[in-house]
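This report refers to the structure that appears directly beneath it.
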Amino acid sequence: MLKWLARSSHRNPWLWLFGWLLLIAAALPLAGELHSVLRSGGFSNPHGEAARYEQLLQEGFGTGGPALLVVYRKGADPGITRLQQALEDLPELKSVAPLPGAGEGVYRLAFAASENEVENLVPALERRLGDAARITGAPALDRALNVASKRSAQQAEMIAFPVMVALLFGIFRSARLTLLPLALAGVVILLGSGLGTAIGRAFPLSILYENILSMLALALAVDYSLFITSRFREELARGRTRGEALEAALATAGHSVWVSGLAVAVALAALFIPRIMVFSSIALGGIAATLLAVLAALTLLPALLVLFAPGLPERKPRQADTGSQWLTWVTRRPGVVTTGVILLLLAATLPLRQLSLHVPVASARSLPKDDPARLGLEDLTRRQSPGRLFPIEGIVVGKDADAVYESTRRIAEGLKRDPNLIALYTPSGSESGPLVRTHGGRTYARWIAVPKTDPNHPATRDWVTRARAAAHQAATPGLAVAVGGTTARGLDFDRALLAAVPWILGWVLSATLALLFLAFRSLWVSLLALGFNLLVTASSLGLLILAKSLLGGGSLNSVTPILVFAVMFGLSMDYFVIMVSRVREAVLEGHSPERAIVLGLGRAAPLVNAAALIMLAVFLAFGTAWVDVVQELGVGLALAIALDAFVVRQTLLPATFLLLGKRLWHQRKELVHAV
């Protein structure tokens, strides 16, 4: 297949280019609409108890819809009458009322519209109210996060672009060759954005789709282009014709790209397992970026090389002994090097003992410090305790009203003695009370608890767990009982994620092992690659936890470790396949295993180092994002790439290969074939 692609690209480059131009033309109008279909949030478990509570609340009380909060600055409150007049013709507005317990100048706006529709009303509200008030609440915070996420991706691209230009020009010494990988990355982002719009119109899609798409498109499209173009130039320098060089480049580097891309896509597919929107969106964005980057590298890039690099400057292939002093030193003492590097990497994993997975809820810390929605929430929390703003809520539902009241009373008796409680509101027993409704032949009774601590505090999360146990124990059989609220939603998300972790680990490890074995035809090579990946991922997460604790950043978002694990397991295949294939070539040239390791890895090292520097530039650029998940993912992947490329591949890989040489290389058929 790769040979056919090489020959077809050489003979019909304009046909391939025309096909890609048609794809770009089809994706262009869709790509511009991506931002309109993306949603904020997604950090909730749709199958959890908190989601069940919201369903019962809507069913019985018809409430729970989106609401905005208007927070006036001190001395600027015009009163509710003037506020109602200002909002008179606002579409879908149901009611305007003061927020209980928040003091003067805070109003709640309830809407009969979807969350996205309310988000779109925020700019109009801000224009009407001017600087005197700030709009906050869940829809405003989600909209602000959406805007911040888009700006973060644009900022990261602006940072990464000049660095990549400088690195690529330093590698190729050619303006045309420097532009080709960047053009491929742009095409992948464009097509991935168009695909995201099509998906987002049919299924909920998180704003993180855009971030992971940009991150992996820049990293992979440029790296894959680098691998193939460098091998193409090397084959030209050996005296091959342009068609022969293209065929050899796709048969070697192209095969590595195909294997690596498949590994990334398969690893990311594990993120569908939790059935949570944020993970599914990241999986879709990552898989789209990866497969489009592979497709572009194997079809569009060869056509561009034929058409737009006719006077391609040749660079002589790196000589076998050049730059191999370090590898020679490593291969003279493989046991010491292996032991030392493994101990260092294990030491880096020690901070994992402090790992506390927690998705932040009711938090605006991901937003810029001057964002109006963040300032409004911070002002509101100064006026009123976070526990009153984000209480813990419960509901009891049944056909027997007396049983509902009695169960609610028992639940309240069990909860009101809790020391972490400020107040507990329960039904009075009257069906006309605000916490009791009868609908469809069933009675719905609510209770609301106000904790002393904020919704992200461990004590609040523990209180939810105790409240759920007490509520289910006190309820009469046959009644529906659920405990929800902001903290409960976050707790359900974390528990769903933890329950999915064994399945995610099992999928990634087994699927990666199968791909490695198919690629290398050696169980030892496959197991070593798996071990290296685990060690690198654990070490990078340990260093990330250490860095965040030293900077006072708190615990990691519960999403980050799983993302780093899934993405890194696929990305590390890039370097492994390239380096092992070079060792294979040296063995097939007749060199001893020891000499083949020095020669092969010495030839691959400059390319691997250059590719790693490009990935580092991309990931560190995304490490500047305001959104904490994107920031943690960028820094975590940068740490993992640095450890993988500059520590493991340069020291641990040659040392362990030498120690296990006879097992790895005693038969040529066990080597990775034709990569």
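By convention here, the chains of the structure tokens are called A, B, ... in the order presented, each chain's residues are numbered starting at 1, and ligands are numbered starting at 1 in the order presented.
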Taking the chain letters and numbering used in this document, name the residues of region 423-485 of chain A that DSSP puts in helix (DSSP H, G or I), as a ChimeraX atom specification.
-> /A:458-474
Kindly export the residues of the current selection with C-alpha atoms, as a compact mmCIF listing (two decimals), in the first residue's frame.
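File produced: result13.txt:
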# COMPACT_ATOMS: atom_id res chain seq x y z
CA PRO A 458 -12.85 17.52 51.16
CA ALA A 459 -15.16 17.95 54.17
CA THR A 460 -18.04 18.93 51.85
CA ARG A 461 -17.42 15.91 49.66
CA ASP A 462 -17.36 13.67 52.74
CA TRP A 463 -20.63 15.26 53.89
CA VAL A 464 -22.28 14.33 50.58
CA THR A 465 -21.17 10.73 51.04
CA ARG A 466 -22.58 10.64 54.59
CA ALA A 467 -25.80 12.35 53.51
CA ARG A 468 -26.37 9.82 50.75
CA ALA A 469 -25.82 6.90 53.10
CA ALA A 470 -28.19 8.41 55.69
CA ALA A 471 -30.85 9.27 53.09
CA HIS A 472 -30.95 5.83 51.52
CA GLN A 473 -30.96 4.15 54.93
CA ALA A 474 -33.78 6.30 56.31
Could you give me, as a PyMOL selection string, the residues within 7 Å of region 562-576 of chain A, counting only C-alpha atoms and dropping anything in the same chain fewer than 2 positions from it?
-> chain A and resi 256-257+260+263-264+267-268+508+533+537+559-560+578-580+608+633+636-637
Writer output for current selection, N, CA and C atoms, as a CSV table (one decimal), in the first residue's frame:
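Final output, saved to result-v3.csv:
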chain,number,residue,atom,x,y,z
A,256,SER,N,6.6,3.9,9.9
A,256,SER,CA,6.7,4.3,11.3
A,256,SER,C,5.5,5.2,11.6
A,257,VAL,N,5.2,6.2,10.7
A,257,VAL,CA,4.1,7.1,10.9
A,257,VAL,C,2.8,6.4,11.0
A,260,SER,N,2.7,4.5,14.4
A,260,SER,CA,2.6,5.4,15.5
A,260,SER,C,1.2,6.1,15.6
A,263,ALA,N,-1.3,3.7,16.9
A,263,ALA,CA,-1.2,3.5,18.3
A,263,ALA,C,-1.8,4.7,19.1
A,264,VAL,N,-1.6,5.9,18.6
A,264,VAL,CA,-2.2,7.0,19.3
A,264,VAL,C,-3.7,6.9,19.3
A,267,ALA,N,-5.0,4.2,21.6
A,267,ALA,CA,-4.9,4.6,23.0
A,267,ALA,C,-6.0,5.6,23.4
A,268,LEU,N,-6.2,6.6,22.5
A,268,LEU,CA,-7.2,7.6,22.8
A,268,LEU,C,-8.6,7.0,22.8
A,508,VAL,N,-5.7,0.2,27.1
A,508,VAL,CA,-4.5,0.8,26.5
A,508,VAL,C,-3.3,-0.2,26.5
A,533,ASN,N,7.1,3.0,28.5
A,533,ASN,CA,5.9,3.9,28.5
A,533,ASN,C,5.3,4.1,29.9
A,537,THR,N,5.4,7.7,31.8
A,537,THR,CA,4.1,8.3,32.2
A,537,THR,C,4.0,8.5,33.7
A,559,VAL,N,-9.1,14.7,35.5
A,559,VAL,CA,-9.0,14.3,34.1
A,559,VAL,C,-7.5,14.1,33.6
A,560,THR,N,-6.6,14.9,34.2
A,560,THR,CA,-5.3,15.0,33.7
A,560,THR,C,-4.5,13.7,33.6
A,578,ILE,N,11.0,4.6,15.1
A,578,ILE,CA,12.0,5.1,14.3
A,578,ILE,C,13.4,4.6,14.8
A,579,MET,N,13.6,4.5,16.1
A,579,MET,CA,14.9,4.1,16.6
A,579,MET,C,15.1,2.6,16.4
A,580,VAL,N,14.1,1.8,16.7
A,580,VAL,CA,14.3,0.4,16.5
A,580,VAL,C,14.5,0.0,15.0
A,608,VAL,N,15.2,12.2,16.2
A,608,VAL,CA,14.4,12.0,17.4
A,608,VAL,C,14.5,13.3,18.2
A,633,LEU,N,-2.3,19.3,31.0
A,633,LEU,CA,-2.0,18.3,30.0
A,633,LEU,C,-0.8,18.8,29.2
A,636,GLY,N,2.3,18.3,31.5
A,636,GLY,CA,2.5,16.9,31.7
A,636,GLY,C,3.0,16.2,30.5
A,637,LEU,N,2.5,16.5,29.3
A,637,LEU,CA,3.0,15.9,28.1
A,637,LEU,C,4.4,16.4,27.7
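Contact shell of Gly440 (chain A) at 10 Å (only C-alpha atoms; same-chain neighbours under 5 positions omitted): Glu59, Gly60 and Lys399 of chain A.
By only C-alpha atoms, and with residues fewer than 3 positions from Met277 (chain A) along its chain excluded, the set lying at most 9 Å from it is Gly41, Gly42, Phe43, Ser44, Asn45, Pro46, Pro204, Leu205, Ser206, Phe272, Pro274, Ser280, Ser281 and Ile282 of chain A.
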What does the distance from CA of Asp142 (chain A) to CA of Ile159 (chain A) come to in Å, to one decimal?
-> 25.4 Å
Shortest contact to Ala538 (chain A), candidates A:Val397, A:Val618, A:Pro502, A:Leu350, atoms counted only C-alpha atoms, goes to A:Leu350
